[in-house]
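Student: Could you have a look at this structure, given as structure tokens, before my questions?
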Amino acid sequence: MATTSVRVKEAVLVTPSDPTPTGILHLSALDSQLFLRFTVEYLFVYRRSSALDQPATVSRMKSALARALVPYYPFAGRVRSRPDVPSLEVVCRAQGALFIDACSDVYTANDFEKAPKTVTQWRKLLSLYVPDVLKGSPPLVVQLTWLADGAAAVGVGINHALCDGIGSAEFLNYFANLASQRFGPRDSDLKPKPVWDRHIMNPPSKKNERANTYNHPEFARVPDLCGFLNKVTTGLRPTSIVFNKRRINELKGVARYSSESSSSYTSFEVLAAHVWRSWARALGFPPNQQLKILFSINVRNRVKPNLPEGYYGNAFVLGCAQSSAKELVEKGIGYCSGLVKRAKERVDGEYVRRVSELVSEWRVSPDPVGVLIVSQWSRLGLERVEFMGRPIHVGPICWDRYCLFLPVRDETESVRVAVAVPAAAFDSYHRFIAESTS
């Protein structure tokens with residue numbers, strides 16, 4: 001489909017509905033990481049409803065956004081680099097978030113039942129693409145696109161430096177509740193109350209003599225034996241595969257049976273292991289190529305004291321499992337699941353403190369060679385973002401080599417695995433991912 005299939009009718013800055021604090025807010029060491037300086041882009045699709053009046057809906061969403069920007073006023077600011085230290089800050093002067101009203105004469109709700117044909121097919125459903133989030137662009141962009149059949153798509157872009165997935169979902173649910181008029185005029189139902197307090201996630205000021213990443217493989221480089229980045233990014237094609245409860249339980253059973261220990265595994269552990277292994281098999285890496293899977297681990301309850309409820313900043317570190325391609329393929333899902341499980345178990349308060357220290361004082365960042373990144377959107381509550389009833393589709397605007405675990409409508413224990421793979425590996429990936437693995 002041509003990119004002209006979406007027409008922007010209006011683009012306007014929406015400012016907070018009430019006065020908000022002005023000034024400069026410092027972002028945390030975890031917020032300021034180099035690899036988080038991009039926009040996370042969400043796409044929600046809603047079925048046509050005879051009760052929806054389009055002009056009234058646009059007006060209601062603008063009003064709801066203005067109200068949501070009062071307690072979440074940093075979303076109306078602008079993110080920039082701090083002049084004194086290598087971290088970020090938010091200039092809060094109620095500059096506003098961008099709201100776009102658009103329409104499409106081509107897309108219908110049915111177009112989102114399958115993966116897009118290309119990684120950028122849905123790009124225009126969030127028309128403002130921000131390549132540099134530190135150049136004064138709004139950290140929050142919302143686009144409402146009316147589809148040809150009367151359905152609606154809501155694209156949302158949020159600067160990742162401001163919040164993680166949990167924080168994004170809390171904001172989006174609040175915004176949607178205001179838009180659907182489930183909250184009263186006093187917003188007394190806002191729970192949890194948003195908490196800034198970014199200083200909590202900063203390390204002690206003492207600087208160590210050198211950066212030691214020995215116990216943090218997510219930051220350590222591995223040799224590139226195959227032209228890795230070219231291999232994994234050439235001719236990407238989106239894939240979308242649903243794993244229901246029965247299929248996930250099958251994977252758990254096989255993983256436990258084939259494991260070197262008697263451990264039981266979570267749904268995430270076996271699914272991440274299976275996807276990682278299937279991806280590696282499909283791409284055919286050299287046997288000695290070291291491969292990693294990186295995934296976010298929520299640390300709100302892993303640090304002492306626990307983070308306050310409503311903390312919406314980046315409160316995750318990267319779990320990292322690593323293996324040679326040969327062992328990943330030959331040893332089976334039990335071995336892979338064990339690697340993922342142990343990577344999760346390593347994370348405690350001291351681990352988080354050390355990561356904060358490494359990223360703030362030594363500016364370390366994950367190296368992309370050998371890496372598959374998995375992000376779990378399926379447990380954030382995005383399926384409850386009800387701008388116009390329950391969404392029939394939740395996913396990214398554009399697809400990439402990064403793997404997303406997405407929610408499945410009306411199936412709380414199912415997961416949709418979305419990842420783009422090179423066209424040359426497309427059929428093999430589908431074959432391996434469908435196998436009853438060992």
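Convention: chains lettered A, B, ... in structure tokens order; per-chain residue numbering from 1; ligands numbered from 1 as shown.
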With only C-alpha atoms counted and 12 Å as the cut-off, give the residues of segment 343-419 of chain A in contact with segment 118-141 of chain A, each with its shortest interatomic distance in Å and the pair that gives it, as a tab-separated table.
Tutor:
```
residue	atom	partner	partner_atom	distance
A:Gly395	CA	A:Trp122	CA	10.8
A:Pro396	CA	A:Trp122	CA	9.0
A:Ile397	CA	A:Trp122	CA	5.8
A:Cys398	CA	A:Thr120	CA	5.1
A:Trp399	CA	A:Val119	CA	4.6
A:Asp400	CA	A:Val119	CA	6.5
A:Arg401	CA	A:Val119	CA	9.5
A:Tyr402	CA	A:Val119	CA	11.5
A:Ala418	CA	A:Val119	CA	11.0
A:Val419	CA	A:Val119	CA	9.6
```
Student: Write down as a ChimeraX atom specification the residues of segment 4-156 of chain A whose backbone DSSP state falls under helix (DSSP H, G or I).
Tutor: /A:4-5,34-36,54-68,73-76,109-112,123-126
Student: List the spatial neighbours of segment 35-40 of chain A as a list of chain:residue names - criterion: any atom at most 7 Å away, only C-alpha atoms, same-chain residues fewer than 6 positions off excluded.
Tutor: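 Counting only the stated atoms, we get A:Val133, A:Gly157, A:Ile158, A:Asn159, A:His160, A:Ala161, A:Ser365.
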Student: Using only C-alpha atoms, determine which residues lie at most 12 Å from Leu52 of chain A, disregarding the query and same-chain residues fewer than 4 positions distant; provide the list as a list in words.
Tutor: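 Residues near the query, excluding close chain neighbours: Tyr46, Arg47, Arg48, Ala56, Thr57, Val58, Ser59, Arg60, Trp146, Gly150, Ala151, Ala152, Ser180, Phe387, Met388 and Gly389 of chain A.
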Student: Compare A:Leu372, A:Val154, A:Val394, A:Val329 by their minimum atom-to-atom distance to Val421 of chain A, counting only C-alpha atoms, and give me the closest one.
Tutor: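 When distances to Val421 of chain A are compared using only C-alpha atoms, the smallest one comes from A:Leu372.
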Student: List the neighbours of Tyr73 of chain A out to 10 Å using only C-alpha atoms; skip same-chain residues closer than 5 positions along the sequence, and give me the result as a PyMOL selection string.
Tutor: chain A and resi 15-16+18-22+66-68+92-97
Student: Near Cys103 of chain A, counting only C-alpha atoms, which residues have an atom at most 9 Å away, once you skip same-chain residues fewer than 3 positions from it, shown as a count of residues only?
Tutor: 11
Student: Quick check for you: according to DSSP on this backbone, which residues of segment 137-379 of chain A are classed as strand (DSSP E or B)? Reply as an MDAnalysis selection string.
Tutor: chainID A and resid 140:146 152:159 195 236:243 290:298 311 316:324 371:376
Student: Set the distance at 9 Å and use only C-alpha atoms: which residues neighbour Trp276 of chain A once local chain neighbours fewer than 2 positions away are removed? I'd like the list as a list in words.
Tutor: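 Here the qualifying residues turn out to be Leu271, Ala272, Ala273, His274, Ser278, Trp279, Ala280, Arg281, Lys292, Ile293, Leu328, Cys336, Leu372 and Val374 of chain A.
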